[in-house]
Amino acid sequence: MARALKGPSARRAAVSLRDPMAPRLFRVRRLRWETADVATFDLEPSGRPHPCGFAPGQFNMLYVFGVGEVPISISGDPGAPMQFVHTVHQVSVVTSALCRLSRGTTLGVRGPFGVGWPMAEAQGQDLVLVAGGIGLAPLRSVLCELVRHRERYGRIALLYGTRSPEDLLYRQELERWRGRVDLEVHVTVDRAAPEWRGHVGVVTTLVRRVAMDPAKTLAMVCGPEVMMRFALQELQKHGLPPGRIFLSMERNMHCGIGLCGHCQYGPIFVCRDGPVVRADRLAAWFGKREV
Amino acid sequence: MRKGGPMDPSPSTPSPLVTIERRDIPALFQALTARGYQVVGPTVRDGAIVYDRLAGPDDLPAGWTEVQDAAQYRLARRRDQALFGYAVGPRSWKSLLLPPESCLWRGRRTTAGFEPIKELTPPPRCALLGVRPCDLKALEILDTVFLNGPFADHGYAQRRERLFIVAVHCTQPGGTCFCASMGTGPHAAGGYDLAWTEVVGPSRHYFVAEIGTARGAAVLREVPSAPATAVEREAAACRVTDAAAKMGRTVETANLPALLDRRLEHPRWDDVAARCLACGNCTSVCPTCFCAAVTDVTDLTGGRAERRRTWDSCFTLGFSYIHGGSVRVSAKARYRQWLLHKFDTWQAQFGTFGCVGCGRCITWCPAGIDVTEELRALRAAPPTPPEMTQEAPHAHP
Amino acid sequence: MHTLETFLAQHPFFAGMAPHQLQWLAACASNVRFEAGTYLFHEGDAANHFYAIRQGQVALEIVAPGFEPITIETLEQGDILGWSWLVPPYTKQFDARAVDHVVALAFDAACFRAKCEQDPALGYELLKRFARLIGQRLQATRLQLLDVYGTRP
């Protein structure tokens, strides 16, 4: 009767024994604005410093006292584990309140929760990372890990699309990654002024620019669901089967620990069996309306 | 065998059956209250049999039964004085484990930021008197969700430890019952401290009881009882067997999840959506529905904040709200989500069905929507052509 | 011409066309170069050519009065530029600017139209390929229209 916990459970970081609904106290160490409405936070524990271990692709529930809680992917470098890094898009009451916090302010953190990207399976493989908009945030952790242990992986390509040049995230890092000869980085925007000298067009148009051997490639896709749907189609057109494509799903979350029911997507709880899911697991459901 | 949970596993050899006379039921109440339990059980109120605190055996619905059908519930008088001669009413036991409203966390603002306020009020110890096998299975299902997942619910665990369960094997199934089809009744398989079958004859009224745990045995020692005779055992057993044949509804469960996976876009959903009011009654009365909203509130000064959990329903429009809109906008999508969760995706998530066959959703749906009927219609109709040719769904890991 | 034919035979857009058709294509093609910042064509120009880009990047732009020019798509090595030569009134729909130094094969469109009228088999082969190209562009444009990265009001 017991639900088998095979592959995905191996991608969870250690589970905390404390009450998972009670926030831990953290404070803002640094805040920098990536764009007009997106900010990146470095958070450190309020009390004694302690390691903030996580797996790339996991998320925290961030709590602003008296305002509310919101799930945000962890964007930090797994190799720099004494803090949590989060990139927040200002779109709601809670995220706006988050973006109004200043250095030293206390906030609550619950997590890390969820199943992350398949870093173990990725070893020895060629990797294609497809990021749309804020979807680059959870993939940043992956890139940091890949770069730290570059010799463990084959060819690596990052395909990043966003709305316009003004919406680019992690510009300095993007430049550093583009500068490396052992990484392929393609950036595109949906529209641009003539000064922009890069690609213009949707991110799916970048897929054909990557030479892919489907038998030894894994793809990690993150972005708005409709963009992931088209990226999935495009990758499959280039021979990649759904069993080699990983998506980061998103649904309404309240508890973050699989006990409130809100984030259900067909057979999975996005917070507990995701957010990272292998595409073939959702075959019957992905793309169906109002699921 | 259920893992974890606070109940000791039932002894591998069946415990001897004992007989308790009707006149000795007050002794059971005394034994329970002496141990600090609040006795909670069925009682008549507002035209229904609900679960509430019982002051004594006189609060039990002696001589009452229910007449249930789709969108119909009424009480009726029995010809005898049976204490448990009915099925299940609109309430279930989940409100004792998952209160409709509870506080998860409190904090207060400080100069440095904020800090938690620790207030410890242990939950009361409750003895549940008259738990039906379907509801017992529902408790087992909730245990799987709240105790055996990657994260356990601390409040649930506390409340669960403090429950004493007296189960009653069913002899009078209701018009909407289908526990036999779901494999959850009318006989309770385990997970109780004590369980009994009520036998009401022309000259005798007694209970044939079995012990489930050491705790149950200790309580029973304070209640007059005698080893059950062969005649008494037979009388009890055949009443339960008869009940299995008198179910109001049936469901074919073979291959149900795989079948439903291939009918996500079937026209039957439009059919039921035309009738469904998305009122959420079904989720309210269902003994396994556990969806809850987590909200953060603050007092007027903003100095104290609380995190609260309240019952929620997947039938509300806001349930699936994300990025400025809801994913499941239509009532059709929301009904589909609920039915598929109970009979399809619950298997992938927790390894069992989410439905125990209690029939409450059928009785309490104002539109009289019958899940057994919907499932029958979905099974009978072929999948739509696109879904017929799609790859077989990935086996749920 | 021989090297041009080989180039065309290996180009994914023309893959599968018969050798005599490729010969004919090569005969109508010439190498062209554009300095960075110059325009291959402007909106409204007669569609006299379509291009296979061999090197560099071309930006498709729209200009509206009162607005800065917006780049709506960029094309690069391997891409085909221009399909309005197939459809009356045979005029260009956008401006095309060389972002950097561009080398391309330019195909004489007027010559093509005449030849396709005479040789329907050739016309059909080209039409199939351009239909797929236009379909891909349409799909990509619709995705851009969705503005998936924008926030809802």
# chains A, B, ... in the order shown; residues from 1 in each chain; ligands from 1
$ interface_residues --of "chain B" --to "chain A" --cutoff "6 Å" --atoms "only C-alpha atoms" --output "list in words"
Gly113, Cys291, Ala292, Val294, Asp296, Thr298, Ala305, Ser320, Tyr321, Ile322, Val327, Arg328, Ala333, Thr345, Ala348, Phe350, Gly351, Pro393 and His394 of chain B
$ write_last_selection --atoms "N, CA and C atoms" --output "CSV table (one decimal), in the first residue's frame"
chain,number,residue,atom,x,y,z
B,113,GLY,N,12.4,42.5,14.9
B,113,GLY,CA,11.7,41.9,13.8
B,113,GLY,C,10.4,41.2,14.4
B,291,CYS,N,-8.7,19.2,2.1
B,291,CYS,CA,-8.1,20.5,1.6
B,291,CYS,C,-8.4,21.6,2.6
B,292,ALA,N,-7.4,22.4,2.9
B,292,ALA,CA,-7.5,23.5,3.8
B,292,ALA,C,-6.8,24.7,3.3
B,294,VAL,N,-4.6,28.1,4.1
B,294,VAL,CA,-3.7,28.6,5.2
B,294,VAL,C,-3.6,30.1,4.9
B,296,ASP,N,-2.7,34.1,6.7
B,296,ASP,CA,-2.0,34.8,7.7
B,296,ASP,C,-2.9,36.1,8.0
B,298,THR,N,-3.6,39.4,10.9
B,298,THR,CA,-2.9,40.2,11.9
B,298,THR,C,-4.0,41.0,12.7
B,305,ALA,N,0.4,38.5,14.9
B,305,ALA,CA,0.0,37.8,13.6
B,305,ALA,C,-0.3,36.4,13.9
B,320,SER,N,-7.8,27.4,-7.1
B,320,SER,CA,-6.7,27.2,-8.1
B,320,SER,C,-6.1,28.5,-8.6
B,321,TYR,N,-6.3,29.5,-7.8
B,321,TYR,CA,-5.9,30.9,-8.3
B,321,TYR,C,-4.4,30.9,-8.4
B,322,ILE,N,-3.9,31.4,-9.5
B,322,ILE,CA,-2.4,31.7,-9.6
B,322,ILE,C,-2.2,32.7,-10.7
B,327,VAL,N,-7.0,28.5,-12.5
B,327,VAL,CA,-6.7,27.5,-13.5
B,327,VAL,C,-8.0,26.7,-13.8
B,328,ARG,N,-8.8,26.4,-12.8
B,328,ARG,CA,-10.1,25.7,-13.0
B,328,ARG,C,-11.2,26.7,-12.9
B,333,ALA,N,-14.6,21.8,-14.7
B,333,ALA,CA,-13.2,21.4,-14.4
B,333,ALA,C,-13.1,21.1,-12.9
B,345,THR,N,-6.5,9.9,-9.0
B,345,THR,CA,-5.2,10.4,-8.6
B,345,THR,C,-4.8,10.2,-7.2
B,348,ALA,N,-2.4,7.4,-7.1
B,348,ALA,CA,-1.0,7.8,-7.4
B,348,ALA,C,-0.3,8.5,-6.2
B,350,PHE,N,-1.4,8.4,-2.8
B,350,PHE,CA,-1.4,7.8,-1.5
B,350,PHE,C,-1.6,6.3,-1.5
B,351,GLY,N,-1.7,5.7,-2.7
B,351,GLY,CA,-1.8,4.2,-2.8
B,351,GLY,C,-3.1,3.6,-2.5
B,393,PRO,N,-0.9,6.0,-20.2
B,393,PRO,CA,-0.4,6.9,-19.1
B,393,PRO,C,0.8,6.2,-18.4
B,394,HIS,N,1.8,7.0,-18.1
B,394,HIS,CA,2.9,6.5,-17.4
B,394,HIS,C,2.5,5.9,-16.1
$ closest_atom_pairs --of "chain A" --to "chain C" --cutoff "9 Å" --atoms "only C-alpha atoms" --output "tab-separated table"
residue	atom	partner	partner_atom	distance
A:Val91	CA	C:Thr151	CA	7.1
A:Gly132	CA	C:Tyr149	CA	7.4
A:Gly133	CA	C:Tyr149	CA	5.6
A:Ile134	CA	C:Tyr149	CA	7.9
A:Thr162	CA	C:Tyr149	CA	6.6
A:Arg163	CA	C:Tyr149	CA	5.9
A:Val189	CA	C:Glu73	CA	8.8
A:Asp190	CA	C:Gln144	CA	5.8
A:Arg191	CA	C:Ile72	CA	5.2
A:Ala192	CA	C:Thr71	CA	5.0
A:Ala193	CA	C:Ile70	CA	5.0
A:Pro194	CA	C:Thr71	CA	6.1
A:Trp196	CA	C:Thr71	CA	8.4
A:Arg197	CA	C:Val99	CA	6.6
A:Gly198	CA	C:Thr74	CA	7.9
A:His199	CA	C:Thr74	CA	5.4
A:Val200	CA	C:Glu73	CA	4.5
A:Gly201	CA	C:Glu73	CA	5.0
A:Val202	CA	C:Ala140	CA	6.1
A:Val203	CA	C:Ala140	CA	9.0
A:Thr204	CA	C:Ala140	CA	7.8
A:Thr205	CA	C:Ala140	CA	7.6
A:Gly223	CA	C:Tyr149	CA	8.4
A:Pro224	CA	C:Val148	CA	6.4
A:Glu225	CA	C:Val148	CA	8.7
A:Val226	CA	C:Val148	CA	7.4
A:Met227	CA	C:Val148	CA	7.1
A:Phe230	CA	C:Leu143	CA	8.8
$ atom_distance --atom1 "atom CA of B:Asp261" --atom2 "atom CA of B:Phe319"
22.2 Å
$ closest_residue --among "B:Leu96, B:Ala217, B:Ala34, B:Val272" --to "B:Asp52" --atoms "only C-alpha atoms"
B:Leu96
$ atom_distance --atom1 "atom CA of C:Thr6" --atom2 "atom CA of C:Ala121"
21.3 Å
